[in-house]
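Undergrad: What follows is query36.cif; its format and atoms are mmCIF, C-alpha atoms.
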data_work
#
loop_
_atom_site.label_atom_id
_atom_site.label_comp_id
_atom_site.auth_asym_id
_atom_site.auth_seq_id
_atom_site.Cartn_x
_atom_site.Cartn_y
_atom_site.Cartn_z
CA MET A 209 6.98 -96.24 23.89
CA ARG A 210 4.48 -93.84 25.43
CA ARG A 211 4.48 -90.87 23.04
CA ALA A 212 2.31 -87.79 23.49
CA VAL A 213 1.62 -84.80 21.31
CA PHE A 214 1.29 -81.43 23.03
CA PRO A 215 -0.32 -79.24 20.36
CA GLY A 216 -0.47 -75.46 20.39
CA SER A 217 0.41 -72.29 18.56
CA PHE A 218 3.05 -71.41 21.19
CA ASP A 219 2.80 -67.74 20.18
CA PRO A 220 4.86 -67.54 22.37
CA ILE A 221 5.52 -70.43 24.75
CA THR A 222 4.68 -69.37 28.31
CA LEU A 223 5.68 -70.60 31.75
CA GLY A 224 2.25 -72.25 31.86
CA HIS A 225 3.12 -74.35 28.81
CA TYR A 226 6.53 -75.06 30.32
CA ASP A 227 4.92 -76.28 33.54
CA ILE A 228 2.68 -78.77 31.72
CA ILE A 229 5.50 -80.01 29.47
CA GLU A 230 7.94 -80.52 32.35
CA ARG A 231 5.36 -82.45 34.36
CA GLY A 232 4.35 -84.42 31.26
CA LEU A 233 7.92 -85.63 30.89
CA THR A 234 7.42 -87.75 34.01
CA LEU A 235 4.48 -89.51 32.32
CA PHE A 236 5.72 -90.06 28.77
CA ASP A 237 8.80 -91.44 27.07
CA GLU A 238 8.57 -88.72 24.42
CA ILE A 239 6.58 -85.52 23.95
CA ILE A 240 6.20 -83.91 20.55
CA LEU A 241 5.60 -80.18 20.82
CA ALA A 242 3.38 -79.78 17.79
CA ILE A 243 3.11 -76.23 16.49
CA GLY A 244 -0.19 -75.90 14.68
CA VAL A 245 -0.01 -73.91 11.46
CA ASN A 246 -3.16 -72.04 10.49
CA ALA A 247 -2.83 -69.80 7.41
CA GLU A 248 -5.88 -67.78 8.50
CA LYS A 249 -4.44 -66.89 11.91
CA LYS A 250 -2.18 -63.87 12.42
CA TYR A 251 0.75 -64.71 14.69
CA MET A 252 2.98 -62.27 16.58
CA PHE A 253 5.99 -64.55 16.09
CA SER A 254 6.89 -66.39 12.89
CA LEU A 255 6.86 -70.18 12.75
CA ASP A 256 10.67 -70.20 12.68
CA GLU A 257 10.79 -68.02 15.82
CA ARG A 258 8.32 -70.26 17.64
CA ILE A 259 10.30 -73.36 16.68
CA GLU A 260 13.46 -71.66 17.94
CA PHE A 261 11.79 -70.68 21.25
CA LEU A 262 10.80 -74.30 21.87
CA ASN A 263 14.10 -75.81 20.72
CA LYS A 264 16.12 -73.43 22.90
CA THR A 265 13.85 -73.89 25.90
CA PHE A 266 14.19 -77.69 25.75
CA GLU A 267 17.65 -77.98 24.14
CA HIS A 268 18.91 -80.32 26.89
CA GLU A 269 15.81 -82.50 27.01
CA LYS A 270 16.21 -85.61 24.84
CA LYS A 271 12.57 -86.65 25.30
CA ILE A 272 11.23 -83.56 23.47
CA LYS A 273 10.78 -83.11 19.72
CA VAL A 274 9.47 -79.92 18.08
CA MET A 275 7.48 -80.23 14.87
CA PRO A 276 5.07 -78.00 12.94
CA TYR A 277 1.87 -79.53 11.54
CA LYS A 278 -1.25 -78.68 9.57
CA GLY A 279 -4.65 -80.32 9.72
CA LEU A 280 -6.26 -82.39 12.42
CA THR A 281 -4.23 -83.09 15.53
CA ILE A 282 -5.38 -86.71 15.54
CA ASP A 283 -4.04 -87.20 12.01
CA PHE A 284 -0.70 -85.78 13.12
CA CYS A 285 -0.75 -88.08 16.16
CA LYS A 286 -1.37 -91.11 13.94
CA ALA A 287 1.46 -90.10 11.60
CA GLN A 288 3.81 -89.82 14.60
CA ASN A 289 2.59 -93.03 16.28
CA ALA A 290 1.43 -91.06 19.31
CA ASP A 291 -1.38 -92.57 21.38
CA PHE A 292 -1.88 -89.53 23.62
CA ILE A 293 -2.61 -85.83 23.40
CA LEU A 294 -1.36 -83.80 26.35
CA ARG A 295 -3.29 -80.65 27.29
CA GLY A 296 -3.12 -78.16 30.13
CA LEU A 297 -6.11 -76.74 31.94
CA ARG A 298 -6.00 -73.32 33.60
CA ASN A 299 -9.65 -72.77 34.48
CA PRO A 300 -13.21 -74.10 34.03
CA ALA A 301 -13.55 -72.40 30.62
CA ASP A 302 -10.46 -74.29 29.38
CA PHE A 303 -12.00 -77.51 30.66
CA GLU A 304 -15.28 -77.04 28.78
CA PHE A 305 -13.49 -76.15 25.54
CA GLU A 306 -10.90 -78.93 25.79
CA LYS A 307 -13.49 -81.52 26.85
CA ALA A 308 -15.45 -81.01 23.63
CA ILE A 309 -12.29 -81.39 21.54
CA ALA A 310 -11.20 -84.48 23.51
CA HIS A 311 -14.61 -86.14 23.04
CA THR A 312 -14.50 -85.39 19.31
CA ASN A 313 -10.96 -86.72 18.98
CA ARG A 314 -11.95 -89.88 20.86
CA LYS A 315 -14.97 -90.36 18.60
CA LEU A 316 -12.77 -90.06 15.49
CA SER A 317 -9.80 -92.09 16.77
CA SER A 318 -8.47 -94.20 19.62
CA ILE A 319 -6.19 -91.39 20.81
CA GLU A 320 -6.61 -90.49 24.47
CA THR A 321 -6.33 -86.94 25.80
CA LEU A 322 -4.60 -86.46 29.13
CA PHE A 323 -5.27 -83.25 31.03
CA LEU A 324 -2.92 -81.72 33.59
CA LEU A 325 -3.92 -78.78 35.73
CA THR A 326 -1.52 -75.89 35.40
CA SER A 327 0.25 -75.14 38.67
CA SER A 328 -1.60 -72.51 40.68
CA GLY A 329 1.14 -69.90 40.36
CA LYS A 330 0.99 -70.10 36.57
CA SER A 331 -2.70 -70.68 35.86
CA TYR A 332 -3.34 -67.04 34.94
CA ILE A 333 -0.74 -66.98 32.14
CA SER A 334 -1.82 -67.28 28.51
CA SER A 335 -0.09 -66.53 25.23
CA SER A 336 -2.69 -63.86 24.45
CA ILE A 337 -1.92 -62.08 27.74
CA VAL A 338 1.82 -62.28 27.01
CA ARG A 339 1.29 -60.84 23.51
CA ASP A 340 -0.75 -57.98 24.96
CA VAL A 341 1.97 -57.22 27.53
CA ILE A 342 4.61 -57.26 24.76
CA ARG A 343 2.50 -54.99 22.49
CA ASN A 344 2.19 -52.49 25.33
CA ASN A 345 5.87 -52.58 26.31
CA GLY A 346 5.22 -54.24 29.67
CA ASP A 347 7.56 -56.58 31.50
CA TYR A 348 6.65 -59.92 29.96
CA THR A 349 9.86 -61.62 31.17
CA VAL A 350 8.22 -63.10 34.28
CA LEU A 351 5.70 -64.93 32.06
CA VAL A 352 7.94 -66.74 29.54
CA PRO A 353 11.04 -68.98 29.41
CA ASN A 354 14.44 -67.37 28.80
CA ALA A 355 14.42 -68.26 25.08
CA VAL A 356 11.51 -65.87 24.50
CA ARG A 357 13.10 -63.15 26.61
CA ILE A 358 16.26 -63.27 24.49
CA ASN A 359 14.34 -63.25 21.22
CA LYS A 360 11.71 -60.60 21.92
CA LYS A 361 10.26 -59.33 18.68
CA GLN A 362 10.59 -55.56 18.47
#
Mind turning the file's structure into structure tokens?
TA:
Amino acid sequence: MRRAVFPGSFDPITLGHYDIIERGLTLFDEIILAIGVNAEKKYMFSLDERIEFLNKTFEHEKKIKVMPYKGLTIDFCKAQNADFILRGLRNPADFEFEKAIAHTNRKLSSIETLFLLTSSGKSYISSSIVRDVIRNNGDYTVLVPNAVRINKKQ
């Protein structure tokens, strides 16, 4: 089985994430959406809300699992018998950042990182932009899947 882990905070999931995940489904037998938990980070949405966003967004997709994790992504991958990490790239800055992580992960394990370019119409979307739009009462609905629209935190 070709199993990949797509790690992120998903605070919240965006249409950019959705794009990468949907396209990744054509490459893998299973994708684990791994919600990283960092006690030092302040999230807009709780872990339970983020899990719900992902589960609702992919409720009809049997090849998707949603799981929280702590620690190194490669350790989580090993525990889940995943040989791949799936990552999306929006711009050259993403590439430089993700390349360093991928090289480190490869040095520490045999886990390969696969990069997909975000579709051009979604490459500007990030969770931090969505959070800023939400904080300022803007129309964030064109940037996120329906599950986030329904569950907007007030």
Undergrad: From the options A:Pro215, A:His225, A:Lys250, A:Ile259, which residue's atoms come nearest to A:Gly279, counting all atoms listed in the file?
TA: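 Residue with the minimum atom-to-atom distance to A:Gly279: A:Pro215.
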Undergrad: What lies within 6 Å of stretch 268-275 of chain A using only C-alpha atoms, ignoring chain neighbours under 4 positions off, as a ChimeraX atom specification?
TA: /A:238-242
Undergrad: Between A:Asp291, A:Asp340, A:Asp219, A:Glu320, which residue has the minimum interatomic distance to A:Val245, considering all atoms listed in the file?
TA: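 Of A:Asp291, A:Asp340, A:Asp219, A:Glu320, the one nearest A:Val245, counting all atoms listed in the file, is A:Asp219.
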Undergrad: Taking all atoms listed in the file into account, which of A:Val213, A:Ile333, A:Leu324, A:Ile309 comes nearest A:Tyr277?
TA: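 Checking each of A:Val213, A:Ile333, A:Leu324, A:Ile309 against A:Tyr277, counting all atoms listed in the file, the winner is A:Val213.
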Undergrad: For the structure shown, which residues end up in the PyMOL selection byres ((chain A and resi 278) around 9)? Put them as a ChimeraX atom specification, please?
TA: /A:243-246,276-277,279-281,284
Undergrad: Would you kindly return, as number ranges by chain, each protein, DNA or RNA residue with an atom no farther than 10 Å from any atom of A:Thr349, considering only C-alpha atoms and excluding same-chain residues fewer than 4 positions away?
TA: A: 222-223, 338, 341-342, 353-354, 356-358, 360
Undergrad: In Å to one decimal, how far is atom CA of A:Leu233 from atom CA of A:Thr321?
TA: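 Those two atoms sit 15.2 Å apart.
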Undergrad: With all atoms listed in the file as the atoms that count, which of A:Phe292, A:Val352, A:Ser328, A:Ile221 lies nearest to A:Glu260?
TA: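 The answer is A:Ile221, which sits nearest to A:Glu260.
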Undergrad: Using the chain letters and numbering of this document, enumerate as a PyMOL selection string the residues selected by the PyMOL selection byres ((chain A and resi 251) around 12).
TA: chain A and resi 217-220+243-250+252-258+335-336+339+361
Undergrad: Please rebuild stretch 219-230 of chain A with all heavy atoms and return the result as a PDB file, in the coordinates of the input.
TA:
ATOM      1  N   ASP A 219       2.571 -69.098  20.712  1.00  0.00           N
ATOM      2  CA  ASP A 219       2.800 -67.740  20.180  1.00  0.00           C
ATOM      3  C   ASP A 219       2.719 -66.699  21.282  1.00  0.00           C
ATOM      4  O   ASP A 219       1.801 -65.883  21.267  1.00  0.00           O
ATOM      5  CB  ASP A 219       1.785 -67.460  19.070  1.00  0.00           C
ATOM      6  CG  ASP A 219       2.058 -66.155  18.332  1.00  0.00           C
ATOM      7  OD1 ASP A 219       3.249 -65.814  18.150  1.00  0.00           O
ATOM      8  OD2 ASP A 219       1.088 -65.490  17.941  1.00  0.00           O
ATOM      9  N   PRO A 220       3.691 -66.677  22.196  1.00  0.00           N
ATOM     10  CA  PRO A 220       4.860 -67.540  22.370  1.00  0.00           C
ATOM     11  C   PRO A 220       4.582 -68.612  23.427  1.00  0.00           C
ATOM     12  O   PRO A 220       3.529 -68.631  24.057  1.00  0.00           O
ATOM     13  CB  PRO A 220       5.901 -66.561  22.895  1.00  0.00           C
ATOM     14  CG  PRO A 220       5.109 -65.640  23.778  1.00  0.00           C
ATOM     15  CD  PRO A 220       3.781 -65.491  23.059  1.00  0.00           C
ATOM     16  N   ILE A 221       5.581 -69.501  23.635  1.00  0.00           N
ATOM     17  CA  ILE A 221       5.520 -70.430  24.750  1.00  0.00           C
ATOM     18  C   ILE A 221       5.525 -69.612  26.036  1.00  0.00           C
ATOM     19  O   ILE A 221       6.214 -68.593  26.132  1.00  0.00           O
ATOM     20  CB  ILE A 221       6.685 -71.448  24.735  1.00  0.00           C
ATOM     21  CG1 ILE A 221       6.555 -72.430  25.913  1.00  0.00           C
ATOM     22  CG2 ILE A 221       8.036 -70.764  24.668  1.00  0.00           C
ATOM     23  CD1 ILE A 221       7.587 -73.538  25.939  1.00  0.00           C
ATOM     24  N   THR A 222       4.747 -70.051  27.018  1.00  0.00           N
ATOM     25  CA  THR A 222       4.680 -69.370  28.310  1.00  0.00           C
ATOM     26  C   THR A 222       5.181 -70.302  29.408  1.00  0.00           C
ATOM     27  O   THR A 222       5.395 -71.496  29.175  1.00  0.00           O
ATOM     28  CB  THR A 222       3.224 -68.976  28.650  1.00  0.00           C
ATOM     29  OG1 THR A 222       2.479 -70.174  28.938  1.00  0.00           O
ATOM     30  CG2 THR A 222       2.582 -68.175  27.523  1.00  0.00           C
ATOM     31  N   LEU A 223       5.305 -69.763  30.618  1.00  0.00           N
ATOM     32  CA  LEU A 223       5.680 -70.600  31.750  1.00  0.00           C
ATOM     33  C   LEU A 223       4.564 -71.591  32.090  1.00  0.00           C
ATOM     34  O   LEU A 223       4.830 -72.640  32.684  1.00  0.00           O
ATOM     35  CB  LEU A 223       6.036 -69.735  32.957  1.00  0.00           C
ATOM     36  CG  LEU A 223       7.319 -68.923  32.808  1.00  0.00           C
ATOM     37  CD1 LEU A 223       7.574 -68.090  34.052  1.00  0.00           C
ATOM     38  CD2 LEU A 223       8.514 -69.824  32.497  1.00  0.00           C
ATOM     39  N   GLY A 224       3.341 -71.296  31.701  1.00  0.00           N
ATOM     40  CA  GLY A 224       2.250 -72.250  31.860  1.00  0.00           C
ATOM     41  C   GLY A 224       2.445 -73.464  30.975  1.00  0.00           C
ATOM     42  O   GLY A 224       2.298 -74.608  31.424  1.00  0.00           O
ATOM     43  N   HIS A 225       2.790 -73.236  29.704  1.00  0.00           N
ATOM     44  CA  HIS A 225       3.120 -74.350  28.810  1.00  0.00           C
ATOM     45  C   HIS A 225       4.289 -75.153  29.383  1.00  0.00           C
ATOM     46  O   HIS A 225       4.256 -76.384  29.417  1.00  0.00           O
ATOM     47  CB  HIS A 225       3.559 -73.843  27.422  1.00  0.00           C
ATOM     48  CG  HIS A 225       2.515 -73.164  26.620  1.00  0.00           C
ATOM     49  ND1 HIS A 225       2.694 -71.901  26.116  1.00  0.00           N
ATOM     50  CD2 HIS A 225       1.293 -73.576  26.202  1.00  0.00           C
ATOM     51  CE1 HIS A 225       1.621 -71.557  25.416  1.00  0.00           C
ATOM     52  NE2 HIS A 225       0.750 -72.554  25.459  1.00  0.00           N
ATOM     53  N   TYR A 226       5.324 -74.433  29.793  1.00  0.00           N
ATOM     54  CA  TYR A 226       6.530 -75.060  30.320  1.00  0.00           C
ATOM     55  C   TYR A 226       6.198 -75.981  31.492  1.00  0.00           C
ATOM     56  O   TYR A 226       6.692 -77.102  31.577  1.00  0.00           O
ATOM     57  CB  TYR A 226       7.537 -73.977  30.732  1.00  0.00           C
ATOM     58  CG  TYR A 226       8.857 -74.522  31.191  1.00  0.00           C
ATOM     59  CD1 TYR A 226       9.854 -74.833  30.273  1.00  0.00           C
ATOM     60  CD2 TYR A 226       9.111 -74.731  32.541  1.00  0.00           C
ATOM     61  CE1 TYR A 226      11.080 -75.348  30.693  1.00  0.00           C
ATOM     62  CE2 TYR A 226      10.322 -75.256  32.967  1.00  0.00           C
ATOM     63  CZ  TYR A 226      11.302 -75.553  32.043  1.00  0.00           C
ATOM     64  OH  TYR A 226      12.498 -76.081  32.454  1.00  0.00           O
ATOM     65  N   ASP A 227       5.342 -75.512  32.374  1.00  0.00           N
ATOM     66  CA  ASP A 227       4.920 -76.280  33.540  1.00  0.00           C
ATOM     67  C   ASP A 227       4.285 -77.611  33.116  1.00  0.00           C
ATOM     68  O   ASP A 227       4.645 -78.678  33.623  1.00  0.00           O
ATOM     69  CB  ASP A 227       3.929 -75.437  34.359  1.00  0.00           C
ATOM     70  CG  ASP A 227       3.278 -76.204  35.484  1.00  0.00           C
ATOM     71  OD1 ASP A 227       4.014 -76.647  36.396  1.00  0.00           O
ATOM     72  OD2 ASP A 227       2.041 -76.361  35.471  1.00  0.00           O
ATOM     73  N   ILE A 228       3.362 -77.560  32.179  1.00  0.00           N
ATOM     74  CA  ILE A 228       2.680 -78.770  31.720  1.00  0.00           C
ATOM     75  C   ILE A 228       3.664 -79.712  31.031  1.00  0.00           C
ATOM     76  O   ILE A 228       3.654 -80.926  31.266  1.00  0.00           O
ATOM     77  CB  ILE A 228       1.516 -78.408  30.757  1.00  0.00           C
ATOM     78  CG1 ILE A 228       0.439 -77.600  31.487  1.00  0.00           C
ATOM     79  CG2 ILE A 228       0.938 -79.665  30.101  1.00  0.00           C
ATOM     80  CD1 ILE A 228      -0.239 -78.309  32.634  1.00  0.00           C
ATOM     81  N   ILE A 229       4.529 -79.179  30.198  1.00  0.00           N
ATOM     82  CA  ILE A 229       5.500 -80.010  29.470  1.00  0.00           C
ATOM     83  C   ILE A 229       6.462 -80.696  30.440  1.00  0.00           C
ATOM     84  O   ILE A 229       6.694 -81.906  30.348  1.00  0.00           O
ATOM     85  CB  ILE A 229       6.264 -79.166  28.432  1.00  0.00           C
ATOM     86  CG1 ILE A 229       5.298 -78.672  27.346  1.00  0.00           C
ATOM     87  CG2 ILE A 229       7.422 -79.955  27.830  1.00  0.00           C
ATOM     88  CD1 ILE A 229       5.816 -77.500  26.525  1.00  0.00           C
ATOM     89  N   GLU A 230       7.004 -79.955  31.382  1.00  0.00           N
ATOM     90  CA  GLU A 230       7.940 -80.520  32.350  1.00  0.00           C
ATOM     91  C   GLU A 230       7.282 -81.640  33.161  1.00  0.00           C
ATOM     92  O   GLU A 230       7.890 -82.683  33.393  1.00  0.00           O
ATOM     93  CB  GLU A 230       8.466 -79.431  33.299  1.00  0.00           C
ATOM     94  CG  GLU A 230       9.534 -78.568  32.686  1.00  0.00           C
ATOM     95  CD  GLU A 230      10.841 -79.310  32.509  1.00  0.00           C
ATOM     96  OE1 GLU A 230      11.331 -79.906  33.476  1.00  0.00           O
ATOM     97  OE2 GLU A 230      11.367 -79.291  31.378  1.00  0.00           O
TER      98      GLU A 230
END
